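J.: Input final_19.cif, format and content: mmCIF, C-alpha atoms.
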```cif
data_input
#
loop_
_atom_site.label_atom_id
_atom_site.label_comp_id
_atom_site.auth_asym_id
_atom_site.auth_seq_id
_atom_site.Cartn_x
_atom_site.Cartn_y
_atom_site.Cartn_z
CA MET H 30 1.55 4.06 7.10
CA ASN H 31 1.70 6.75 9.70
CA GLU H 32 -1.81 8.14 10.28
CA SER H 33 -0.76 11.79 10.07
CA ILE H 34 1.09 11.17 6.82
CA ARG H 35 -1.88 9.33 5.45
CA ARG H 36 -4.10 12.23 6.42
CA ALA H 37 -1.71 14.69 4.83
CA ARG H 38 -1.74 12.68 1.61
CA ARG H 39 -5.51 12.62 1.57
CA VAL H 40 -5.64 16.36 2.12
CA LYS H 41 -3.19 16.81 -0.72
CA LYS H 42 -5.41 14.69 -2.97
CA THR H 43 -8.54 16.71 -2.14
CA GLU H 44 -6.54 19.86 -2.71
CA GLN H 45 -5.51 18.62 -6.15
CA LEU H 46 -9.09 17.72 -6.89
CA SER H 47 -10.32 21.14 -5.81
CA TYR H 48 -8.07 22.61 -8.49
CA SER H 49 -9.02 20.21 -11.25
CA LEU H 50 -12.77 20.03 -10.61
CA ARG H 51 -15.03 22.87 -11.78
CA ILE H 52 -17.68 24.54 -9.69
CA GLY H 53 -20.18 23.48 -12.36
CA GLU H 54 -19.53 19.84 -11.44
CA ALA H 55 -20.21 20.37 -7.77
CA MET H 56 -23.12 22.81 -7.85
CA ASN H 57 -26.75 21.95 -7.44
CA LYS H 58 -28.39 22.57 -10.81
CA ARG H 59 -31.92 22.52 -9.50
CA VAL H 60 -32.11 26.08 -8.28
CA LEU H 61 -35.02 26.96 -6.04
CA ALA H 62 -35.70 30.63 -6.70
CA LEU H 63 -38.34 33.24 -6.02
CA THR H 64 -39.52 36.26 -7.96
CA THR H 65 -39.43 39.73 -6.38
CA ASP H 66 -43.15 39.89 -5.73
CA ARG H 67 -43.29 36.97 -3.26
CA THR H 68 -43.57 37.71 0.46
CA MET H 69 -41.29 36.79 3.36
CA MET H 70 -44.10 34.43 4.41
CA ASP H 71 -43.65 32.59 1.10
CA LEU H 72 -39.90 32.51 1.72
CA ARG H 73 -40.49 30.91 5.11
CA GLY H 74 -42.45 28.12 3.40
CA VAL H 75 -39.74 27.48 0.80
CA LEU H 76 -36.91 27.40 3.35
CA LYS H 77 -38.91 25.12 5.61
CA ASP H 78 -40.10 22.72 2.92
CA HIS H 79 -36.73 22.30 1.29
CA ARG H 80 -34.58 22.65 4.40
CA ILE H 81 -32.40 25.30 2.84
CA SER H 82 -31.11 28.56 4.25
CA GLY H 83 -31.27 30.97 1.35
CA VAL H 84 -32.90 31.56 -2.01
CA PRO H 85 -31.83 33.64 -5.02
CA ILE H 86 -34.30 36.06 -6.51
CA LEU H 87 -34.50 35.70 -10.27
CA GLU H 88 -36.22 37.29 -13.19
CA SER H 89 -36.06 35.21 -16.37
CA GLY H 90 -32.83 33.60 -15.29
CA ARG H 91 -31.12 36.84 -14.25
CA LEU H 92 -30.00 37.26 -10.70
CA LEU H 93 -31.49 40.27 -8.93
CA GLY H 94 -30.59 39.45 -5.35
CA ILE H 95 -30.61 36.87 -2.62
CA VAL H 96 -32.59 36.39 0.60
CA SER H 97 -31.42 34.25 3.45
CA ILE H 98 -32.66 32.84 6.72
CA GLU H 99 -31.02 35.80 8.51
CA ASP H 100 -33.28 38.21 6.58
CA LEU H 101 -36.24 36.06 7.54
CA ILE H 102 -35.34 36.16 11.23
CA ASN H 103 -35.01 39.93 11.09
CA CYS H 104 -38.44 40.33 9.49
CA LEU H 105 -39.97 37.91 12.00
CA ARG H 106 -38.53 39.94 14.86
CA LEU H 107 -39.85 43.20 13.38
CA GLY H 108 -43.21 41.67 12.41
CA GLN H 109 -42.59 42.41 8.73
CA MET H 110 -43.52 39.07 7.19
CA GLU H 111 -45.77 40.74 4.60
CA ARG H 112 -42.82 42.54 2.98
CA THR H 113 -41.82 41.25 -0.46
CA VAL H 114 -38.56 39.44 -0.94
CA GLY H 115 -37.69 42.01 -3.61
CA ASP H 116 -37.84 44.66 -0.91
CA VAL H 117 -35.75 42.74 1.63
CA MET H 118 -33.17 40.99 -0.60
CA THR H 119 -29.49 41.77 -0.70
CA THR H 120 -28.70 43.05 -4.16
CA GLU H 121 -24.94 42.98 -3.94
CA VAL H 122 -24.58 39.28 -4.37
CA VAL H 123 -21.23 37.53 -4.51
CA THR H 124 -21.37 35.02 -7.36
CA LEU H 125 -19.16 32.39 -8.92
CA PHE H 126 -18.84 31.16 -12.49
CA ALA H 127 -19.51 27.54 -13.38
CA ASP H 128 -16.18 27.21 -15.19
CA GLU H 129 -14.08 28.34 -12.22
CA PRO H 130 -12.12 25.71 -10.30
CA LEU H 131 -13.66 24.38 -7.13
CA ILE H 132 -10.88 25.94 -5.08
CA GLN H 133 -12.35 29.35 -5.93
CA ALA H 134 -15.57 28.40 -4.16
CA VAL H 135 -13.57 27.10 -1.20
CA LYS H 136 -11.71 30.43 -1.03
CA MET H 137 -14.93 32.43 -1.23
CA PHE H 138 -16.51 30.42 1.59
CA GLY H 139 -13.44 31.22 3.64
CA LYS H 140 -13.54 34.90 2.76
CA HIS H 141 -17.26 35.57 3.17
CA GLY H 142 -19.52 34.19 5.80
CA PHE H 143 -22.19 33.21 3.30
CA GLY H 144 -23.75 29.78 3.25
CA ARG H 145 -24.26 29.63 -0.54
CA PHE H 146 -23.21 31.24 -3.77
CA PRO H 147 -25.29 31.50 -6.93
CA VAL H 148 -23.35 30.15 -9.90
CA LEU H 149 -23.52 31.98 -13.23
CA ASP H 150 -22.74 30.95 -16.76
CA ARG H 151 -19.91 33.23 -17.84
CA THR H 152 -21.23 33.88 -21.36
CA THR H 153 -24.96 34.31 -20.70
CA GLY H 154 -24.67 35.71 -17.19
CA LYS H 155 -27.65 33.61 -16.19
CA VAL H 156 -27.94 31.58 -13.00
CA VAL H 157 -27.19 27.92 -13.74
CA GLY H 158 -26.86 26.60 -10.20
CA ILE H 159 -26.21 27.23 -6.56
CA VAL H 160 -23.35 25.89 -4.49
CA THR H 161 -23.08 25.24 -0.74
CA LYS H 162 -20.24 23.83 1.39
CA LYS H 163 -22.17 20.59 1.48
CA ASP H 164 -22.20 20.38 -2.34
CA ILE H 165 -18.42 20.83 -2.43
CA MET H 166 -17.87 18.19 0.20
CA GLN H 167 -20.14 15.68 -1.55
CA CYS H 168 -18.47 16.32 -4.89
CA LEU H 169 -14.98 15.76 -3.44
CA LEU H 170 -16.02 12.64 -1.54
CA LYS H 171 -17.69 11.19 -4.63
CA ARG H 172 -14.60 11.82 -6.71
CA LEU H 173 -12.29 10.37 -4.06
CA GLN H 174 -14.48 7.30 -3.93
CA SER H 175 -14.40 6.79 -7.69
CA LEU H 176 -10.63 7.28 -7.69
CA TYR H 177 -10.38 4.68 -4.96
CA HIS H 178 -12.51 2.22 -6.92
CA ALA H 179 -10.45 2.81 -10.06
CA LYS H 180 -7.30 2.13 -8.07
CA GLU H 181 -8.74 -1.02 -6.51
CA SER H 182 -9.86 -2.44 -9.83
CA ARG H 183 -6.42 -1.76 -11.32
CA LYS H 184 -4.93 -3.75 -8.48
CA LYS H 185 -7.06 -6.75 -9.33
CA PRO H 186 -4.90 -9.54 -10.75
CA ILE H 187 -5.70 -11.15 -14.05
CA SER H 188 -6.61 -14.40 -12.38
CA GLU H 189 -6.74 -16.02 -9.00
CA ASN H 190 -3.91 -18.35 -7.96
CA GLY H 191 -3.04 -19.29 -11.52
CA ARG H 192 -6.60 -20.08 -12.44
CA LEU H 193 -5.92 -18.25 -15.68
CA LEU H 194 -3.96 -21.27 -16.85
CA ALA H 195 -6.88 -23.55 -16.08
CA ASP H 196 -9.12 -21.26 -18.13
CA LEU H 197 -7.07 -21.56 -21.31
CA PRO H 198 -8.58 -24.30 -23.49
CA SER H 199 -5.93 -26.90 -24.22
CA ASP H 200 -5.05 -30.48 -23.36
CA GLU H 201 -2.20 -29.27 -21.27
CA THR H 202 -1.15 -25.77 -20.30
CA ALA H 203 1.99 -24.76 -18.47
CA LEU H 204 4.11 -21.70 -18.14
CA THR H 205 7.85 -21.86 -17.62
CA LEU H 206 9.98 -19.20 -16.03
CA LYS H 207 13.73 -19.68 -16.11
CA TYR H 208 16.35 -17.91 -14.03
CA ALA H 209 20.13 -18.07 -14.24
CA VAL H 210 22.02 -17.73 -10.98
CA ASN H 211 25.68 -16.80 -10.81
CA GLY H 212 27.70 -18.52 -8.16
CA GLY H 213 29.96 -16.71 -5.77
CA ASP H 214 27.74 -13.70 -5.96
CA PHE H 215 25.84 -14.57 -2.84
CA ARG H 216 25.23 -10.94 -1.92
CA LYS H 217 22.84 -10.87 -4.85
CA ALA H 218 21.09 -14.07 -3.78
CA GLY H 219 17.42 -13.32 -3.41
CA GLU H 220 17.11 -11.40 -6.63
CA LYS H 221 15.78 -14.30 -8.67
CA SER H 222 13.42 -15.62 -6.04
CA ASP H 223 12.05 -12.11 -5.75
CA GLN H 224 11.60 -11.92 -9.52
CA LEU H 225 9.72 -15.21 -9.44
CA LYS H 226 7.56 -13.88 -6.63
CA GLU H 227 6.74 -10.72 -8.59
CA SER H 228 5.84 -12.80 -11.65
CA LEU H 229 3.57 -15.08 -9.64
CA LEU H 230 1.87 -12.06 -8.06
CA LYS H 231 1.29 -10.70 -11.57
CA LEU H 232 -0.25 -14.02 -12.53
CA GLY H 233 -2.70 -13.58 -9.70
CA TYR H 234 -1.21 -15.76 -7.00
CA ALA H 235 -1.77 -14.43 -3.49
CA ASP H 236 1.33 -13.43 -1.54
CA VAL H 237 0.45 -15.67 1.39
CA ASP H 238 -0.24 -18.69 -0.86
CA ILE H 239 3.17 -18.61 -2.54
CA ARG H 240 5.23 -17.59 0.50
CA ARG H 241 6.49 -21.08 1.38
CA LEU H 242 7.40 -21.74 -2.24
CA ILE H 243 9.38 -18.51 -2.38
CA ILE H 244 11.19 -19.41 0.85
CA ALA H 245 12.23 -22.70 -0.74
CA VAL H 246 13.39 -20.94 -3.91
CA LEU H 247 15.33 -18.38 -1.87
CA GLU H 248 17.07 -21.17 0.05
CA ALA H 249 17.94 -22.93 -3.21
CA GLU H 250 19.15 -19.69 -4.73
CA MET H 251 21.42 -19.09 -1.74
CA ASN H 252 22.78 -22.62 -2.07
CA LEU H 253 23.61 -22.02 -5.73
CA ALA H 254 25.30 -18.73 -4.86
CA ILE H 255 27.36 -20.18 -2.01
CA PHE H 256 28.41 -23.57 -3.36
CA THR H 257 28.40 -23.47 -7.17
CA ASP H 258 29.79 -21.47 -10.06
CA ARG H 259 26.47 -21.19 -11.77
CA GLY H 260 23.06 -22.74 -11.72
CA GLU H 261 19.60 -22.49 -13.09
CA ILE H 262 16.18 -22.24 -11.50
CA THR H 263 13.23 -23.27 -13.64
CA ALA H 264 9.72 -22.81 -12.37
CA ARG H 265 6.95 -24.63 -14.19
CA ILE H 266 3.50 -23.34 -13.45
CA ASP H 267 0.67 -25.79 -14.01
CA PRO H 268 -2.95 -25.05 -13.16
CA HIS H 269 -2.75 -26.74 -9.77
CA ARG H 270 0.92 -26.89 -8.96
CA ILE H 271 4.16 -25.01 -9.27
CA SER H 272 7.23 -27.20 -9.73
CA VAL H 273 10.73 -25.84 -9.42
CA LYS H 274 13.88 -27.47 -10.79
CA VAL H 275 17.21 -26.26 -9.51
CA SER H 276 20.24 -27.57 -11.33
CA ASP H 277 23.91 -26.78 -11.12
CA GLU H 278 27.28 -28.09 -12.16
CA GLY H 279 28.70 -27.59 -8.72
CA PRO H 280 30.69 -29.83 -6.44
CA GLY H 281 27.74 -32.09 -5.69
CA ILE H 282 26.63 -33.35 -2.30
CA PRO H 283 28.59 -36.43 -1.11
CA ASP H 284 26.06 -37.49 1.53
CA ILE H 285 22.55 -36.26 0.91
CA GLU H 286 21.16 -37.90 4.01
CA LEU H 287 23.63 -35.96 6.10
CA ALA H 288 22.89 -32.73 4.21
CA MET H 289 19.21 -33.15 4.98
CA GLN H 290 19.91 -33.16 8.69
CA PRO H 291 19.23 -29.78 10.29
CA GLY H 292 22.44 -28.09 11.34
CA TYR H 293 24.78 -30.07 9.10
CA SER H 294 26.71 -27.68 6.91
CA THR H 295 29.81 -27.67 4.72
CA ALA H 296 29.69 -23.93 4.12
CA PRO H 297 32.99 -22.07 4.42
CA GLU H 298 33.55 -19.97 7.49
CA PHE H 299 33.37 -16.56 5.79
CA VAL H 300 29.94 -17.42 4.44
CA ARG H 301 28.75 -18.57 7.84
CA GLU H 302 29.76 -15.29 9.36
CA LEU H 303 27.29 -13.62 7.03
CA GLY H 304 24.52 -15.82 8.35
CA PHE H 305 24.49 -18.37 5.53
CA GLY H 306 25.29 -22.03 5.82
CA ALA H 307 23.38 -22.72 8.98
CA GLY H 308 22.79 -26.21 7.70
CA MET H 309 19.12 -25.52 7.41
CA GLY H 310 18.71 -24.86 3.70
CA LEU H 311 17.63 -28.30 2.51
CA PRO H 312 15.56 -29.09 5.63
CA ASN H 313 13.84 -25.70 5.14
CA ILE H 314 13.08 -26.50 1.51
CA LYS H 315 11.59 -29.84 2.50
CA LYS H 316 9.50 -28.21 5.20
CA SER H 317 8.22 -25.50 2.87
CA THR H 318 7.13 -27.69 -0.04
CA ASP H 319 4.74 -30.55 -0.72
CA GLU H 320 7.16 -32.70 -2.70
CA MET H 321 10.93 -32.71 -2.82
CA LYS H 322 13.50 -34.79 -4.64
CA ILE H 323 17.24 -34.37 -4.74
CA GLU H 324 19.91 -36.12 -6.80
CA SER H 325 23.57 -35.34 -6.68
CA SER H 326 26.84 -36.72 -7.97
CA PRO H 327 30.03 -35.40 -6.44
CA GLY H 328 32.04 -33.53 -9.09
CA VAL H 329 29.12 -33.46 -11.54
CA GLY H 330 26.37 -31.42 -9.98
CA THR H 331 23.10 -31.42 -8.14
CA ASN H 332 19.49 -31.56 -9.30
CA LEU H 333 16.87 -30.49 -6.85
CA GLU H 334 13.17 -30.58 -7.57
CA PHE H 335 10.34 -29.47 -5.39
CA SER H 336 6.75 -28.45 -5.87
CA VAL H 337 3.85 -26.82 -4.13
CA LEU H 338 0.28 -27.85 -4.84
CA PHE H 339 -2.70 -25.54 -5.21
CA ARG H 340 -6.31 -26.52 -4.93
CA MET K 28 1.48 -2.19 18.68
CA THR K 29 2.70 -0.18 15.70
CA LEU K 30 6.22 0.14 14.44
CA GLY K 31 6.11 3.84 15.26
CA GLU K 32 5.45 3.05 18.93
CA VAL K 33 8.34 0.58 18.95
CA VAL K 34 10.65 3.14 17.37
CA LYS K 35 9.69 5.64 20.06
CA ALA K 36 9.96 3.23 22.98
CA LEU K 37 13.40 1.91 21.95
CA ASP K 38 14.64 5.19 20.51
CA LEU K 39 15.47 3.49 17.22
CA LYS K 40 16.94 5.29 14.26
CA VAL K 41 14.77 4.98 11.15
CA LEU K 42 17.04 4.32 8.17
CA VAL K 43 14.33 3.27 5.73
CA GLY K 44 10.56 3.51 5.86
CA ALA K 45 9.69 6.64 7.84
CA ASP K 46 6.36 6.49 6.02
CA LEU K 47 5.73 2.85 6.95
CA LEU K 48 5.71 3.17 10.73
CA GLY K 49 1.96 2.68 10.98
CA ARG K 50 2.51 -1.02 10.30
CA ALA K 51 1.42 -3.39 13.07
CA VAL K 52 4.06 -5.48 14.82
CA ARG K 53 2.83 -9.04 15.38
CA GLY K 54 5.88 -10.51 16.98
CA GLY K 55 9.62 -10.56 16.97
CA TYR K 56 12.55 -12.80 16.15
CA ALA K 57 16.25 -12.44 16.89
CA SER K 58 18.81 -14.37 14.86
CA ASP K 59 21.77 -13.86 12.58
CA MET K 60 21.30 -17.04 10.59
CA LEU K 61 19.24 -16.33 7.49
CA SER K 62 17.80 -19.83 7.12
CA ASP K 63 16.79 -19.76 10.75
CA VAL K 64 14.86 -16.56 10.16
CA LEU K 65 13.29 -17.98 7.00
CA ALA K 66 12.18 -21.02 8.95
CA HIS K 67 10.96 -19.43 12.16
CA SER K 68 9.92 -15.83 11.66
CA GLU K 69 6.40 -14.97 10.63
CA GLU K 70 4.69 -12.27 8.65
CA GLY K 71 4.58 -8.98 10.54
CA TYR K 72 7.50 -9.82 12.85
CA VAL K 73 10.34 -7.44 13.61
CA TRP K 74 13.68 -9.12 13.01
CA VAL K 75 16.59 -8.20 15.25
CA THR K 76 20.03 -8.93 13.78
CA VAL K 77 23.60 -7.75 13.38
CA GLN K 78 23.72 -8.77 9.73
CA ILE K 79 23.98 -5.82 7.36
CA HIS K 80 24.40 -7.31 3.88
CA PRO K 81 21.72 -7.12 1.15
CA ASN K 82 20.43 -10.67 1.71
CA VAL K 83 18.89 -9.39 4.92
CA SER K 84 16.47 -7.37 2.82
CA ALA K 85 15.78 -10.41 0.62
CA VAL K 86 14.89 -12.55 3.63
CA ALA K 87 12.67 -9.85 5.12
CA THR K 88 10.92 -9.46 1.77
CA ALA K 89 10.34 -13.18 1.33
CA LYS K 90 8.79 -13.45 4.81
CA ASN K 91 6.96 -10.11 4.60
CA LEU K 92 8.42 -8.99 7.92
CA ALA K 93 7.32 -5.73 9.55
CA ALA K 94 10.86 -4.40 9.91
CA ILE K 95 14.55 -5.18 10.32
CA VAL K 96 16.30 -3.90 13.43
CA ILE K 97 20.08 -3.72 13.05
CA THR K 98 21.87 -3.77 16.40
CA ASN K 99 25.24 -2.89 17.94
CA GLY K 100 25.31 0.39 16.05
CA ARG K 101 26.21 -1.39 12.81
CA SER K 102 25.56 0.47 9.56
CA PRO K 103 23.80 -1.51 6.83
CA GLU K 104 25.41 -1.57 3.39
CA ALA K 105 24.00 0.91 0.88
CA GLU K 106 22.63 -1.96 -1.26
CA THR K 107 20.77 -3.35 1.76
CA LEU K 108 19.02 -0.04 2.26
CA ARG K 109 18.31 0.39 -1.44
CA LYS K 110 16.70 -3.06 -1.64
CA ALA K 111 14.68 -2.45 1.53
CA GLU K 112 13.50 0.87 0.19
CA GLU K 113 12.42 -0.75 -3.06
CA LYS K 114 10.57 -3.54 -1.24
CA LYS K 115 9.13 -1.22 1.41
CA ILE K 116 10.77 -2.96 4.33
CA PRO K 117 11.55 -0.52 7.16
CA VAL K 118 15.13 -0.69 8.42
CA LEU K 119 15.71 0.50 11.98
CA ALA K 120 18.94 0.78 13.88
CA SER K 121 19.98 0.65 17.52
CA THR K 122 23.29 1.08 19.33
CA TRP K 123 22.14 -1.59 21.79
CA SER K 124 23.01 -5.28 21.47
CA THR K 125 20.59 -7.80 20.01
CA TYR K 126 20.06 -9.16 23.52
CA LYS K 127 19.03 -5.81 24.92
CA VAL K 128 16.82 -4.86 21.97
CA ALA K 129 15.05 -8.23 22.10
CA GLY K 130 14.59 -7.86 25.85
CA ARG K 131 13.06 -4.42 25.53
CA LEU K 132 10.76 -5.64 22.74
CA TYR K 133 9.63 -8.48 24.97
CA GLU K 134 8.96 -6.02 27.79
CA LEU K 135 6.75 -4.04 25.42
CA GLY K 136 4.62 -7.15 24.99
CA ILE K 137 6.07 -8.21 21.64
CA GLU K 138 6.64 -11.94 21.86
#
```
As structure tokens, how would this structure be written, given the file I've shared?

T.:
Amino acid sequence: MNESIRRARRVKKTEQLSYSLRIGEAMNKRVLALTTDRTMMDLRGVLKDHRISGVPILESGRLLGIVSIEDLINCLRLGQMERTVGDVMTTEVVTLFADEPLIQAVKMFGKHGFGRFPVLDRTTGKVVGIVTKKDIMQCLLKRLQSLYHAKESRKKPISENGRLLADLPSDETALTLKYAVNGGDFRKAGEKSDQLKESLLKLGYADVDIRRLIIAVLEAEMNLAIFTDRGEITARIDPHRISVKVSDEGPGIPDIELAMQPGYSTAPEFVRELGFGAGMGLPNIKKSTDEMKIESSPGVGTNLEFSVLFR
Amino acid sequence: MTLGEVVKALDLKVLVGADLLGRAVRGGYASDMLSDVLAHSEEGYVWVTVQIHPNVSAVATAKNLAAIVITNGRSPEAETLRKAEEKKIPVLASTWSTYKVAGRLYELGIE
């Protein structure tokens, strides 16, 4: 995927999240606060010890004001470190409510230059937390990560390369998938092999492990579509092998040995123009599978069997 | 090299998969015979062809190719594009011949 598109999608996701998440989920609930009677010297200690840049001033949970590192620098410069925080604090504090969407906090950070906002409970009016840009970022990242994990675990197949079948207690377990192929409709050829591929992926087979089998099935499907009126593809899935039977009531193959030779083809010209009938179908099937058997009677039909083994 | 870089270098028209151009191109193959492509292309290859019927998408899907490049200014059938879209196979188009497209790809270091 294009990197810029991917980035745009990610941004869109975080944007969605910032609407659905509440400030209460992102805020830091352990609020470090001071009472009005503490000095700027005390504030210096709190900011230094906790590596924060501002502290709300509370009285029994109610917000009276806020003092920040800027206030501290001012007092330092003026030699006023003995002043109380109650004297220095800003009393017109911009606050947020815990039940507001996260996007509101993002907007407020954009609007004001403040580094933090006290968060109030809407009903009690008391301070329940404090939120910084860092809190918002961490909350979004955490949520993105859990979404990612949820997505990954959904992707997980129910078993690995058909091992599910081996795990079912029985004397013999097999699964059969049958597909009917209409002849003459070679433009549709590929549909059934793709369906088989999707089914095998659902069963937990890895794309790369079944690729050569699917190539063989696609070749067989194209043969049915080009040369016969109708045919059938049956895939039997055993714990350690997948066997495919392809049968038709077509014209049959007069000389199988010849048909197995690369480049030999009896396909009609119009089909060849479309890129079929290169005389490579059967050789390709043989190359792509572990076992192959073909029987044919002219005028009766052809039975082709091949299989791929799994460890 | 990514598909997007190839599209830019060869000025290809993107018919399907504008959102899939970040895909890496591991090699290329030029042929109009489907079985030949099934036998000799590899995962992540770009396939250069004049064929435009839906089986092209089926072959590209089975081999997990990076993209199909249709040459000579031919327009793929609607069903070909629909299938490619469904299977997330990018379809690109060029007014150049297969020979010229393959040559330019080779020049870019795609072998």

J.: Quick one: apply the PyMOL selection byres ((chain H and resi 111) around 12) to the file and drop the selected residues here as a PDB file with C-alpha atoms, keeping the file's coordinate frame.

T.:
```
ATOM      1  CA  ASP H  66     -43.150  39.890  -5.730  1.00  0.00           C
ATOM      2  CA  ARG H  67     -43.290  36.970  -3.260  1.00  0.00           C
ATOM      3  CA  THR H  68     -43.570  37.710   0.460  1.00  0.00           C
ATOM      4  CA  MET H  69     -41.290  36.790   3.360  1.00  0.00           C
ATOM      5  CA  MET H  70     -44.100  34.430   4.410  1.00  0.00           C
ATOM      6  CA  ASP H  71     -43.650  32.590   1.100  1.00  0.00           C
ATOM      7  CA  LEU H  72     -39.900  32.510   1.720  1.00  0.00           C
ATOM      8  CA  ARG H  73     -40.490  30.910   5.110  1.00  0.00           C
ATOM      9  CA  LEU H 101     -36.240  36.060   7.540  1.00  0.00           C
ATOM     10  CA  CYS H 104     -38.440  40.330   9.490  1.00  0.00           C
ATOM     11  CA  LEU H 105     -39.970  37.910  12.000  1.00  0.00           C
ATOM     12  CA  LEU H 107     -39.850  43.200  13.380  1.00  0.00           C
ATOM     13  CA  GLY H 108     -43.210  41.670  12.410  1.00  0.00           C
ATOM     14  CA  GLN H 109     -42.590  42.410   8.730  1.00  0.00           C
ATOM     15  CA  MET H 110     -43.520  39.070   7.190  1.00  0.00           C
ATOM     16  CA  ARG H 112     -42.820  42.540   2.980  1.00  0.00           C
ATOM     17  CA  THR H 113     -41.820  41.250  -0.460  1.00  0.00           C
ATOM     18  CA  VAL H 114     -38.560  39.440  -0.940  1.00  0.00           C
ATOM     19  CA  GLY H 115     -37.690  42.010  -3.610  1.00  0.00           C
ATOM     20  CA  ASP H 116     -37.840  44.660  -0.910  1.00  0.00           C
ATOM     21  CA  VAL H 117     -35.750  42.740   1.630  1.00  0.00           C
TER      22      VAL H 117
END
```

J.: Got a sec: who's within 12 Å of Asp63 (chain K), counting all atoms listed in the file, leaving out chain neighbours fewer than 6 positions off, as a count of residues only?

T.: 21

J.: Counting only C-alpha atoms, I want the residues whose atoms come within 8 Å of (20.4, -3.6, 11.2) in the file frame, returned as number ranges by chain.

T.: K: 75-79, 95-98, 100-103, 118-121

J.: Quote the spacing between CA of Glu99 (chain H) and CA of Ser82 (chain H) in Å to one decimal place.

T.: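 Value for the CA of Glu99 (chain H)-CA of Ser82 (chain H) distance: 8.4 Å.
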
J.: Could you tell me which residues the PyMOL selection byres ((chain H) within 10 of (chain K)) returns for this structure, as an MDAnalysis selection string?

T.: chainID H and resid 30:35 215:220 222:223 226 236:237 239:248 251 301:314 316:317

J.: Can you measure CA of Asp319 (chain H) to CA of Phe335 (chain H) for me? One decimal in Å is fine.

T.: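 Computing it gives 7.4 Å between the two atoms.
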
J.: As JSON, please: the centre and edge lengths in Å, to one decimal, of an axis-aligned box enclosing every listed atom of region 268-286 of chain H with 5 Å added on each side.

T.:
```
{"center_x": 13.9, "center_y": -31.5, "center_z": -4.6, "size_x": 43.6, "size_y": 22.9, "size_z": 27.2}
```

J.: Could you spell out the hits of the PyMOL selection byres ((chain K and resi 132-134) around 10) on the shown file, as a list in words?

T.: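 Evaluating the PyMOL selection byres ((chain K and resi 132-134) around 10) on this file yields Val33, Ala36, Leu37, Gly54, Gly55, Tyr56, Val73, Val75, Tyr126, Lys127, Val128, Ala129, Gly130, Arg131, Leu135, Gly136, Ile137 and Glu138 of chain K.
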
J.: Just write the chosen residues, C-alpha atoms, as a PDB file, in the coordinates of the input.

T.:
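Wrote again_8.pdb, looks like this:
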```pdb
ATOM      1  CA  VAL K  33       8.340   0.580  18.950  1.00  0.00           C
ATOM      2  CA  ALA K  36       9.960   3.230  22.980  1.00  0.00           C
ATOM      3  CA  LEU K  37      13.400   1.910  21.950  1.00  0.00           C
ATOM      4  CA  GLY K  54       5.880 -10.510  16.980  1.00  0.00           C
ATOM      5  CA  GLY K  55       9.620 -10.560  16.970  1.00  0.00           C
ATOM      6  CA  TYR K  56      12.550 -12.800  16.150  1.00  0.00           C
ATOM      7  CA  VAL K  73      10.340  -7.440  13.610  1.00  0.00           C
ATOM      8  CA  VAL K  75      16.590  -8.200  15.250  1.00  0.00           C
ATOM      9  CA  TYR K 126      20.060  -9.160  23.520  1.00  0.00           C
ATOM     10  CA  LYS K 127      19.030  -5.810  24.920  1.00  0.00           C
ATOM     11  CA  VAL K 128      16.820  -4.860  21.970  1.00  0.00           C
ATOM     12  CA  ALA K 129      15.050  -8.230  22.100  1.00  0.00           C
ATOM     13  CA  GLY K 130      14.590  -7.860  25.850  1.00  0.00           C
ATOM     14  CA  ARG K 131      13.060  -4.420  25.530  1.00  0.00           C
ATOM     15  CA  LEU K 135       6.750  -4.040  25.420  1.00  0.00           C
ATOM     16  CA  GLY K 136       4.620  -7.150  24.990  1.00  0.00           C
ATOM     17  CA  ILE K 137       6.070  -8.210  21.640  1.00  0.00           C
ATOM     18  CA  GLU K 138       6.640 -11.940  21.860  1.00  0.00           C
TER      19      GLU K 138
END
```

J.: Please write C-alpha atoms of region 86-97 of chain K, from the structure given just now, as a PDB file, in the first residue's frame.

T.:
```pdb
ATOM      1  CA  VAL K  86      -3.707 -16.565 -13.331  1.00  0.00           C
ATOM      2  CA  ALA K  87      -2.330 -13.514 -11.525  1.00  0.00           C
ATOM      3  CA  THR K  88      -4.326 -14.457  -8.432  1.00  0.00           C
ATOM      4  CA  ALA K  89      -3.160 -18.066  -8.445  1.00  0.00           C
ATOM      5  CA  LYS K  90       0.493 -16.981  -8.682  1.00  0.00           C
ATOM      6  CA  ASN K  91       0.093 -13.998  -6.346  1.00  0.00           C
ATOM      7  CA  LEU K  92       1.702 -11.677  -8.886  1.00  0.00           C
ATOM      8  CA  ALA K  93       2.463  -8.048  -8.013  1.00  0.00           C
ATOM      9  CA  ALA K  94       0.606  -6.655 -11.017  1.00  0.00           C
ATOM     10  CA  ILE K  95      -0.589  -7.193 -14.580  1.00  0.00           C
ATOM     11  CA  VAL K  96       0.660  -4.793 -17.247  1.00  0.00           C
ATOM     12  CA  ILE K  97      -1.541  -4.746 -20.357  1.00  0.00           C
TER      13      ILE K  97
END
```
